[in-house]
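Beneath this line is the structure, given in structure tokens, with notes to follow.
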Amino acid sequence: MVKRSVFVCLLLFGIGVVPVYAQVESRDSDSRTHCVGELLLPVTNYGIFGAIDGNEPSARWPGLTGIDHLRLGALWCGALVSGVPRVSCSANGVDFPMELQAGVSPHSSLPFAIYESAENYNNGDRYPHPNWDFDGDGREDEDPRDGLDNDGDGMYEEDGATISDQMFSCFYKDNIPECYENSPYHQALDLHVYQETYQWSTPLLQDFVGLRFTVLNWGAVEEDFYFGWYADWRILLDDLPGDDSDDRIGFYTGPVELDDGKLIDVHLAYAWEVTGEQASYAGVALLDHPVDPAGIIAPATVGFQGFRIFVADLPYESGGEPWNDSQMFTEMSSHVMTPPDSVADYRTLVSSGPFQVSYRDSLTWQLAIVAGANEAELFKNAAIATQLYQGQAFDRDEDPETGPDGLEHIVHWWPHQILTQVSEHPQRVSALSNFPNPFNPMTEIRFELSESGPVNLSIFDVSGRRVACLLSGANRAVGSHSVTWSGCDDTGNPLAGGVYLARLSAGGVRTEAKMVLMK
């Protein structure tokens, strides 16, 4: 069950290679951009993903030199209440009803924030780390990053799991006054949604962002509950803004073979564009949801219930997008469509369900947004994301009779086993750090090379925009090196205080460190 609490407005900033964090109350709390990997994806605290105003990267891949793939993605939640369909969403292509909203924290005059953290931050160790039960109360991850004393022990946020190299978490609802401002006919399901998103900077794991939605039902008994993820694809491979009419759509469910010969089952809906000899792909992969072997309260196996395709600017009856709850629920509960063999301005919807949900029941849905240069690479990255989610099994109870081969406890999103088994690149860069950190205005960025060759070192802000280039193809020898940064952009103008990312690449390997400029 998800913790039955609210989440107050605190923003967490990461510093350095081993993250050290400061807590800052944020007034710019509604959007953050994943930027430590190659897929730059904005997330919000109202259920929308992507840069709907076009002012920042939107599923841009690979990195800042890549192209945008997504106008927006949106979470949909639908169910029957006394036989009547209701759907809560933030966007459906026809308009932006904004039926999922963060609202204002009861502990301040600010909206609920998006919280930033990283693996092992602030006593966030997970099993099998020794401090998985940091407060020693016998419970695990019972006090997450929400600013509240969830377990009533007089301490705050002292025992909650943190995952990945860049983790964002936020909280929103469908039953507060703000949910009705743009959607006067909205009928709430009385849902509380806790959203977590994860990204890794390691080369093998940097081409996707993991999504986890935990929905808690505070309303009536809901029959046939469905999760949905709507996507308005916008693959700008031809560099013609506004030309969305040449996208293609694909769908695949089946095994994908990884480099080590392991077969991973993948569930993937995707879009792509081809211009000349260039191509680029992006999609959404399903990782997990609750199952019931009997198929009564949940599907018997993990999979997409539906995959629906809509064409922009057409009426719903002619293949366009649904615009009311009845039409949206119909699409969420429908079957998998066969992708058309044509190009158009497509929008898609994937869904999972049905689930039977009682009062105070919770459900989780796990996805990954994935990108690749071609279909084979996209499938492989989706398989790696799936394998990473599946995690590693441990013998936690020390009983060889429980679980397969005595391994009964699974830790999801556990990268360490994958990274010890597979290495795509020789390690050439290590120990990127800066001192002092925080700093004002000067800091020394330090790194080590195991091989000589050209080095690139740049500074990025938290939205993924490059603000300074310190080294560009400069040859450096094996050993330790340092570069001094004055906190200014390339034109010599001092930058505002905040979090910045030092990104260094050499020999196909990239590493990053977060820095805080104090003003």
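Following the order of the structure tokens, chains are lettered A, B, ..., residues in each are numbered from 1, and ligands are numbered from 1.
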
(request) Apply DSSP to the structure's backbone, then extract all residues of range 309-468 of chain A labelled alpha helix (DSSP H) and return them as an MDAnalysis selection string. (result) chainID A and resid 325:332 375:390 416:421

Would you output that residue set with N, CA and C atoms, as a PDB file, in the first residue's frame?
ATOM      1  N   ASP A 325     -15.508  11.369 -21.199  1.00  0.00           N
ATOM      2  CA  ASP A 325     -15.172  10.211 -20.371  1.00  0.00           C
ATOM      3  C   ASP A 325     -15.625   8.899 -20.998  1.00  0.00           C
ATOM      4  N   SER A 326     -16.807   8.891 -21.576  1.00  0.00           N
ATOM      5  CA  SER A 326     -17.326   7.660 -22.161  1.00  0.00           C
ATOM      6  C   SER A 326     -16.430   7.176 -23.301  1.00  0.00           C
ATOM      7  N   GLN A 327     -16.044   8.093 -24.198  1.00  0.00           N
ATOM      8  CA  GLN A 327     -15.189   7.715 -25.317  1.00  0.00           C
ATOM      9  C   GLN A 327     -13.791   7.304 -24.838  1.00  0.00           C
ATOM     10  N   MET A 328     -13.261   8.038 -23.870  1.00  0.00           N
ATOM     11  CA  MET A 328     -11.922   7.719 -23.378  1.00  0.00           C
ATOM     12  C   MET A 328     -11.903   6.360 -22.690  1.00  0.00           C
ATOM     13  N   PHE A 329     -12.933   6.069 -21.891  1.00  0.00           N
ATOM     14  CA  PHE A 329     -12.979   4.768 -21.224  1.00  0.00           C
ATOM     15  C   PHE A 329     -13.142   3.646 -22.247  1.00  0.00           C
ATOM     16  N   THR A 330     -13.934   3.890 -23.274  1.00  0.00           N
ATOM     17  CA  THR A 330     -14.083   2.892 -24.338  1.00  0.00           C
ATOM     18  C   THR A 330     -12.741   2.557 -24.955  1.00  0.00           C
ATOM     19  N   GLU A 331     -11.927   3.580 -25.219  1.00  0.00           N
ATOM     20  CA  GLU A 331     -10.612   3.337 -25.826  1.00  0.00           C
ATOM     21  C   GLU A 331      -9.668   2.624 -24.850  1.00  0.00           C
ATOM     22  N   MET A 332      -9.710   2.989 -23.565  1.00  0.00           N
ATOM     23  CA  MET A 332      -8.836   2.355 -22.586  1.00  0.00           C
ATOM     24  C   MET A 332      -9.158   0.872 -22.427  1.00  0.00           C
ATOM     25  N   GLU A 375      15.061   0.326 -35.081  1.00  0.00           N
ATOM     26  CA  GLU A 375      14.137  -0.558 -34.384  1.00  0.00           C
ATOM     27  C   GLU A 375      14.865  -1.549 -33.493  1.00  0.00           C
ATOM     28  N   ALA A 376      15.958  -2.124 -34.002  1.00  0.00           N
ATOM     29  CA  ALA A 376      16.702  -3.109 -33.213  1.00  0.00           C
ATOM     30  C   ALA A 376      17.270  -2.479 -31.944  1.00  0.00           C
ATOM     31  N   GLU A 377      17.794  -1.251 -32.063  1.00  0.00           N
ATOM     32  CA  GLU A 377      18.348  -0.583 -30.890  1.00  0.00           C
ATOM     33  C   GLU A 377      17.255  -0.199 -29.907  1.00  0.00           C
ATOM     34  N   LEU A 378      16.111   0.233 -30.411  1.00  0.00           N
ATOM     35  CA  LEU A 378      14.986   0.549 -29.539  1.00  0.00           C
ATOM     36  C   LEU A 378      14.543  -0.688 -28.757  1.00  0.00           C
ATOM     37  N   PHE A 379      14.395  -1.827 -29.463  1.00  0.00           N
ATOM     38  CA  PHE A 379      13.985  -3.057 -28.796  1.00  0.00           C
ATOM     39  C   PHE A 379      15.002  -3.455 -27.735  1.00  0.00           C
ATOM     40  N   LYS A 380      16.282  -3.326 -28.064  1.00  0.00           N
ATOM     41  CA  LYS A 380      17.325  -3.693 -27.101  1.00  0.00           C
ATOM     42  C   LYS A 380      17.260  -2.788 -25.871  1.00  0.00           C
ATOM     43  N   ASN A 381      17.098  -1.492 -26.071  1.00  0.00           N
ATOM     44  CA  ASN A 381      17.022  -0.583 -24.920  1.00  0.00           C
ATOM     45  C   ASN A 381      15.780  -0.860 -24.078  1.00  0.00           C
ATOM     46  N   ALA A 382      14.668  -1.223 -24.713  1.00  0.00           N
ATOM     47  CA  ALA A 382      13.475  -1.596 -23.967  1.00  0.00           C
ATOM     48  C   ALA A 382      13.723  -2.870 -23.157  1.00  0.00           C
ATOM     49  N   ALA A 383      14.469  -3.815 -23.727  1.00  0.00           N
ATOM     50  CA  ALA A 383      14.789  -5.043 -23.008  1.00  0.00           C
ATOM     51  C   ALA A 383      15.709  -4.761 -21.824  1.00  0.00           C
ATOM     52  N   ILE A 384      16.666  -3.856 -22.007  1.00  0.00           N
ATOM     53  CA  ILE A 384      17.558  -3.501 -20.899  1.00  0.00           C
ATOM     54  C   ILE A 384      16.761  -2.827 -19.780  1.00  0.00           C
ATOM     55  N   ALA A 385      15.838  -1.917 -20.145  1.00  0.00           N
ATOM     56  CA  ALA A 385      14.995  -1.277 -19.131  1.00  0.00           C
ATOM     57  C   ALA A 385      14.159  -2.321 -18.396  1.00  0.00           C
ATOM     58  N   THR A 386      13.623  -3.287 -19.127  1.00  0.00           N
ATOM     59  CA  THR A 386      12.826  -4.345 -18.502  1.00  0.00           C
ATOM     60  C   THR A 386      13.680  -5.187 -17.566  1.00  0.00           C
ATOM     61  N   GLN A 387      14.871  -5.554 -18.017  1.00  0.00           N
ATOM     62  CA  GLN A 387      15.771  -6.342 -17.178  1.00  0.00           C
ATOM     63  C   GLN A 387      16.166  -5.565 -15.928  1.00  0.00           C
ATOM     64  N   LEU A 388      16.411  -4.275 -16.086  1.00  0.00           N
ATOM     65  CA  LEU A 388      16.783  -3.456 -14.933  1.00  0.00           C
ATOM     66  C   LEU A 388      15.638  -3.411 -13.930  1.00  0.00           C
ATOM     67  N   TYR A 389      14.398  -3.232 -14.417  1.00  0.00           N
ATOM     68  CA  TYR A 389      13.257  -3.230 -13.509  1.00  0.00           C
ATOM     69  C   TYR A 389      13.120  -4.569 -12.791  1.00  0.00           C
ATOM     70  N   GLN A 390      13.291  -5.668 -13.505  1.00  0.00           N
ATOM     71  CA  GLN A 390      13.133  -6.990 -12.901  1.00  0.00           C
ATOM     72  C   GLN A 390      14.086  -7.190 -11.732  1.00  0.00           C
ATOM     73  N   HIS A 416      23.172  -3.007 -10.210  1.00  0.00           N
ATOM     74  CA  HIS A 416      24.537  -3.437  -9.912  1.00  0.00           C
ATOM     75  C   HIS A 416      24.884  -4.776 -10.545  1.00  0.00           C
ATOM     76  N   GLN A 417      23.934  -5.703 -10.584  1.00  0.00           N
ATOM     77  CA  GLN A 417      24.210  -6.985 -11.209  1.00  0.00           C
ATOM     78  C   GLN A 417      24.421  -6.829 -12.715  1.00  0.00           C
ATOM     79  N   ILE A 418      23.585  -6.011 -13.366  1.00  0.00           N
ATOM     80  CA  ILE A 418      23.736  -5.793 -14.803  1.00  0.00           C
ATOM     81  C   ILE A 418      25.089  -5.189 -15.115  1.00  0.00           C
ATOM     82  N   LEU A 419      25.482  -4.197 -14.344  1.00  0.00           N
ATOM     83  CA  LEU A 419      26.711  -3.468 -14.653  1.00  0.00           C
ATOM     84  C   LEU A 419      27.956  -4.286 -14.364  1.00  0.00           C
ATOM     85  N   THR A 420      27.863  -5.271 -13.491  1.00  0.00           N
ATOM     86  CA  THR A 420      29.023  -6.130 -13.259  1.00  0.00           C
ATOM     87  C   THR A 420      29.129  -7.224 -14.314  1.00  0.00           C
ATOM     88  N   GLN A 421      28.029  -7.518 -15.008  1.00  0.00           N
ATOM     89  CA  GLN A 421      28.042  -8.561 -16.024  1.00  0.00           C
ATOM     90  C   GLN A 421      28.379  -8.027 -17.410  1.00  0.00           C
TER      91      GLN A 421
END

(message) Please list as a VMD selection string every residue within 8 Å of range 516-519 of chain A, counting only C-alpha atoms and excluding residues in the same chain fewer than 4 positions away.
(response) chain A and resid 15 437 to 441 487 496 to 500

Hey, can you spit out that residue selection with all heavy atoms as a PDB file, in the first residue's frame?
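Everything below was put into again28.pdb:
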ATOM      1  N   ILE A  15      24.531  16.884  -5.261  1.00  0.00           N
ATOM      2  CA  ILE A  15      25.824  17.538  -5.354  1.00  0.00           C
ATOM      3  C   ILE A  15      26.897  16.483  -5.482  1.00  0.00           C
ATOM      4  O   ILE A  15      26.980  15.580  -4.668  1.00  0.00           O
ATOM      5  CB  ILE A  15      26.108  18.387  -4.106  1.00  0.00           C
ATOM      6  CG1 ILE A  15      24.956  19.335  -3.837  1.00  0.00           C
ATOM      7  CG2 ILE A  15      27.418  19.120  -4.230  1.00  0.00           C
ATOM      8  CD1 ILE A  15      25.060  20.035  -2.513  1.00  0.00           C
ATOM      9  N   ASN A 437      32.230  22.512  -3.063  1.00  0.00           N
ATOM     10  CA  ASN A 437      30.879  22.255  -3.526  1.00  0.00           C
ATOM     11  C   ASN A 437      29.952  22.163  -2.310  1.00  0.00           C
ATOM     12  O   ASN A 437      30.109  21.230  -1.505  1.00  0.00           O
ATOM     13  CB  ASN A 437      30.829  20.951  -4.319  1.00  0.00           C
ATOM     14  CG  ASN A 437      29.548  20.827  -5.125  1.00  0.00           C
ATOM     15  OD1 ASN A 437      28.820  21.795  -5.313  1.00  0.00           O
ATOM     16  ND2 ASN A 437      29.275  19.629  -5.592  1.00  0.00           N
ATOM     17  N   PRO A 438      29.060  23.136  -2.124  1.00  0.00           N
ATOM     18  CA  PRO A 438      28.725  24.297  -2.948  1.00  0.00           C
ATOM     19  C   PRO A 438      29.885  25.295  -3.060  1.00  0.00           C
ATOM     20  O   PRO A 438      30.829  25.244  -2.281  1.00  0.00           O
ATOM     21  CB  PRO A 438      27.535  24.920  -2.214  1.00  0.00           C
ATOM     22  CG  PRO A 438      26.994  23.832  -1.338  1.00  0.00           C
ATOM     23  CD  PRO A 438      28.175  23.021  -0.951  1.00  0.00           C
ATOM     24  N   PHE A 439      29.758  26.217  -4.028  1.00  0.00           N
ATOM     25  CA  PHE A 439      30.839  27.160  -4.277  1.00  0.00           C
ATOM     26  C   PHE A 439      30.274  28.521  -4.656  1.00  0.00           C
ATOM     27  O   PHE A 439      29.115  28.639  -5.055  1.00  0.00           O
ATOM     28  CB  PHE A 439      31.739  26.654  -5.400  1.00  0.00           C
ATOM     29  CG  PHE A 439      31.058  26.526  -6.734  1.00  0.00           C
ATOM     30  CD1 PHE A 439      31.134  27.532  -7.683  1.00  0.00           C
ATOM     31  CD2 PHE A 439      30.317  25.385  -7.046  1.00  0.00           C
ATOM     32  CE1 PHE A 439      30.507  27.421  -8.907  1.00  0.00           C
ATOM     33  CE2 PHE A 439      29.677  25.271  -8.272  1.00  0.00           C
ATOM     34  CZ  PHE A 439      29.776  26.274  -9.205  1.00  0.00           C
ATOM     35  N   ASN A 440      31.114  29.547  -4.539  1.00  0.00           N
ATOM     36  CA  ASN A 440      30.756  30.906  -4.930  1.00  0.00           C
ATOM     37  C   ASN A 440      32.017  31.757  -4.962  1.00  0.00           C
ATOM     38  O   ASN A 440      32.588  32.062  -3.923  1.00  0.00           O
ATOM     39  CB  ASN A 440      29.750  31.512  -3.955  1.00  0.00           C
ATOM     40  CG  ASN A 440      29.349  32.931  -4.345  1.00  0.00           C
ATOM     41  OD1 ASN A 440      29.547  33.343  -5.477  1.00  0.00           O
ATOM     42  ND2 ASN A 440      28.792  33.653  -3.390  1.00  0.00           N
ATOM     43  N   PRO A 441      32.465  32.209  -6.179  1.00  0.00           N
ATOM     44  CA  PRO A 441      31.941  31.798  -7.490  1.00  0.00           C
ATOM     45  C   PRO A 441      32.840  30.769  -8.171  1.00  0.00           C
ATOM     46  O   PRO A 441      32.529  30.320  -9.255  1.00  0.00           O
ATOM     47  CB  PRO A 441      31.971  33.104  -8.281  1.00  0.00           C
ATOM     48  CG  PRO A 441      33.203  33.783  -7.768  1.00  0.00           C
ATOM     49  CD  PRO A 441      33.331  33.406  -6.301  1.00  0.00           C
ATOM     50  N   GLY A 487      31.844  30.048 -12.615  1.00  0.00           N
ATOM     51  CA  GLY A 487      30.411  30.250 -12.445  1.00  0.00           C
ATOM     52  C   GLY A 487      29.806  31.159 -13.490  1.00  0.00           C
ATOM     53  O   GLY A 487      28.706  31.693 -13.279  1.00  0.00           O
ATOM     54  N   ALA A 496      23.086  32.526 -12.510  1.00  0.00           N
ATOM     55  CA  ALA A 496      22.300  32.572 -11.280  1.00  0.00           C
ATOM     56  C   ALA A 496      22.643  31.388 -10.383  1.00  0.00           C
ATOM     57  O   ALA A 496      23.116  30.342 -10.858  1.00  0.00           O
ATOM     58  CB  ALA A 496      20.808  32.556 -11.619  1.00  0.00           C
ATOM     59  N   GLY A 497      22.417  31.548  -9.108  1.00  0.00           N
ATOM     60  CA  GLY A 497      22.630  30.446  -8.190  1.00  0.00           C
ATOM     61  C   GLY A 497      21.698  29.283  -8.485  1.00  0.00           C
ATOM     62  O   GLY A 497      20.585  29.466  -8.977  1.00  0.00           O
ATOM     63  N   GLY A 498      22.155  28.072  -8.204  1.00  0.00           N
ATOM     64  CA  GLY A 498      21.338  26.889  -8.438  1.00  0.00           C
ATOM     65  C   GLY A 498      22.195  25.672  -8.690  1.00  0.00           C
ATOM     66  O   GLY A 498      23.412  25.666  -8.461  1.00  0.00           O
ATOM     67  N   VAL A 499      21.561  24.625  -9.205  1.00  0.00           N
ATOM     68  CA  VAL A 499      22.234  23.356  -9.475  1.00  0.00           C
ATOM     69  C   VAL A 499      22.693  23.324 -10.923  1.00  0.00           C
ATOM     70  O   VAL A 499      21.942  23.657 -11.835  1.00  0.00           O
ATOM     71  CB  VAL A 499      21.301  22.172  -9.190  1.00  0.00           C
ATOM     72  CG1 VAL A 499      21.977  20.853  -9.527  1.00  0.00           C
ATOM     73  CG2 VAL A 499      20.869  22.178  -7.746  1.00  0.00           C
ATOM     74  N   TYR A 500      23.930  22.906 -11.143  1.00  0.00           N
ATOM     75  CA  TYR A 500      24.492  22.759 -12.482  1.00  0.00           C
ATOM     76  C   TYR A 500      25.133  21.384 -12.607  1.00  0.00           C
ATOM     77  O   TYR A 500      25.512  20.756 -11.608  1.00  0.00           O
ATOM     78  CB  TYR A 500      25.506  23.861 -12.777  1.00  0.00           C
ATOM     79  CG  TYR A 500      24.859  25.222 -12.872  1.00  0.00           C
ATOM     80  CD1 TYR A 500      24.705  26.014 -11.737  1.00  0.00           C
ATOM     81  CD2 TYR A 500      24.355  25.689 -14.074  1.00  0.00           C
ATOM     82  CE1 TYR A 500      24.076  27.253 -11.806  1.00  0.00           C
ATOM     83  CE2 TYR A 500      23.724  26.920 -14.159  1.00  0.00           C
ATOM     84  CZ  TYR A 500      23.595  27.694 -13.027  1.00  0.00           C
ATOM     85  OH  TYR A 500      22.967  28.911 -13.103  1.00  0.00           O
TER      86      TYR A 500
END

(message) Taking only range 273-348 of chain A into account, list the residues labelled strand (DSSP E or B) by DSSP (computed from the backbone), as a PyMOL selection string.
(response) chain A and resi 273-275+278-288+306-311+336+344+346-348

Those same residues - C-alpha atoms - I'd like them written as a PDB file, in the first residue's frame.
ATOM      1  CA  GLU A 273      10.343   8.774 -38.475  1.00  0.00           C
ATOM      2  CA  VAL A 274      12.641   8.219 -41.440  1.00  0.00           C
ATOM      3  CA  THR A 275      14.170  11.084 -43.431  1.00  0.00           C
ATOM      4  CA  GLN A 278      18.322   8.895 -41.029  1.00  0.00           C
ATOM      5  CA  ALA A 279      15.840   7.378 -38.608  1.00  0.00           C
ATOM      6  CA  SER A 280      14.908   7.863 -34.970  1.00  0.00           C
ATOM      7  CA  TYR A 281      12.640   5.840 -32.684  1.00  0.00           C
ATOM      8  CA  ALA A 282      10.942   6.360 -29.313  1.00  0.00           C
ATOM      9  CA  GLY A 283       8.351   4.381 -27.421  1.00  0.00           C
ATOM     10  CA  VAL A 284       6.761   3.345 -24.155  1.00  0.00           C
ATOM     11  CA  ALA A 285       7.517  -0.078 -22.652  1.00  0.00           C
ATOM     12  CA  LEU A 286       5.309  -1.807 -20.103  1.00  0.00           C
ATOM     13  CA  LEU A 287       7.285  -3.280 -17.203  1.00  0.00           C
ATOM     14  CA  ASP A 288       4.779  -4.411 -14.572  1.00  0.00           C
ATOM     15  CA  GLY A 306      -5.187  -1.987 -25.328  1.00  0.00           C
ATOM     16  CA  PHE A 307      -3.158  -0.112 -27.911  1.00  0.00           C
ATOM     17  CA  ARG A 308      -5.128   2.564 -29.695  1.00  0.00           C
ATOM     18  CA  ILE A 309      -4.119   4.897 -32.517  1.00  0.00           C
ATOM     19  CA  PHE A 310      -5.688   8.291 -33.250  1.00  0.00           C
ATOM     20  CA  VAL A 311      -5.161  10.742 -36.100  1.00  0.00           C
ATOM     21  CA  VAL A 336      -4.796  -3.901 -29.425  1.00  0.00           C
ATOM     22  CA  ALA A 344       0.227  10.790 -40.362  1.00  0.00           C
ATOM     23  CA  TYR A 346      -0.483  10.109 -34.858  1.00  0.00           C
ATOM     24  CA  ARG A 347      -1.335   9.976 -31.180  1.00  0.00           C
ATOM     25  CA  THR A 348      -1.404   6.687 -29.291  1.00  0.00           C
TER      26      THR A 348
END

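Shortest separation to Gly219 in chain A among A:Ser463, A:Gln187, A:Gln392, A:Thr338 occurs at residue A:Gln187, atoms counted being only C-alpha atoms.
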
Shell around Asn120 in chain A at 8 Å using only C-alpha atoms, local window under 5 positions removed, as a compact mmCIF listing (two decimals) with N, CA, C and O atoms, in the first residue's frame:
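Written out: part.txt:
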# COMPACT_ATOMS: atom_id res chain seq x y z
N ASP A 125 18.90 4.08 1.64
CA ASP A 125 19.43 2.77 1.26
C ASP A 125 18.31 1.74 1.17
O ASP A 125 17.39 1.71 2.01
N ARG A 126 18.41 0.89 0.16
CA ARG A 126 17.50 -0.23 0.04
C ARG A 126 18.23 -1.52 0.40
O ARG A 126 19.45 -1.59 0.34
N ALA A 161 13.11 4.70 0.34
CA ALA A 161 13.97 4.22 -0.73
C ALA A 161 14.25 5.32 -1.75
O ALA A 161 13.35 6.07 -2.14
N THR A 162 15.50 5.40 -2.18
CA THR A 162 15.88 6.26 -3.30
C THR A 162 16.52 5.40 -4.37
O THR A 162 17.22 4.44 -4.08
N ILE A 163 16.26 5.75 -5.65
CA ILE A 163 16.58 4.87 -6.77
C ILE A 163 17.19 5.69 -7.89
O ILE A 163 16.74 6.81 -8.16

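Minimum atom-to-atom distance to Phe460 in chain A, evaluated using only C-alpha atoms, belongs to A:Lys514 out of A:His481, A:Arg71, A:Lys514, A:His267.
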
(request) Could you give me, as a ChimeraX atom specification, the residues within 6 Å of Gln206 in chain A, counting only C-alpha atoms and dropping anything in the same chain fewer than 6 positions from it? (result) /A:37-38,200

(message) Calculated over only C-alpha atoms, which of the candidates A:Gly261, A:Glu401, A:Gly228, A:Gly54 has the smallest distance to His69 in chain A?
(response) A:Gly54

(message) Counting only C-alpha atoms, which residue out of A:Ser201, A:Asn217, A:Gln305, A:Thr364 sits closest to Met337 in chain A?
(response) A:Gln305

(request) Could you give me, as a list in words, the residues within 10 Å of Ala79 in chain A, counting only C-alpha atoms and dropping anything in the same chain fewer than 4 positions from it? (result) Gly83, Val84, Pro85, Arg86, Val87, Ser88, Leu189, Val221, Glu222, Glu223, Asp224, Phe225, Tyr226, Phe227, Asp325, Phe329, Met332, Ser333, Gly353, Pro354, Phe355, Gln356 and Val357 of chain A

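The nearest approach to Ala271 in chain A among the residues A:Pro340, A:Phe208, A:Thr197, A:Thr214, with only C-alpha atoms taken into account, belongs to A:Pro340.
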
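CA of Cys469 in chain A is positioned 14.5 Å from CA of Glu444 in chain A.
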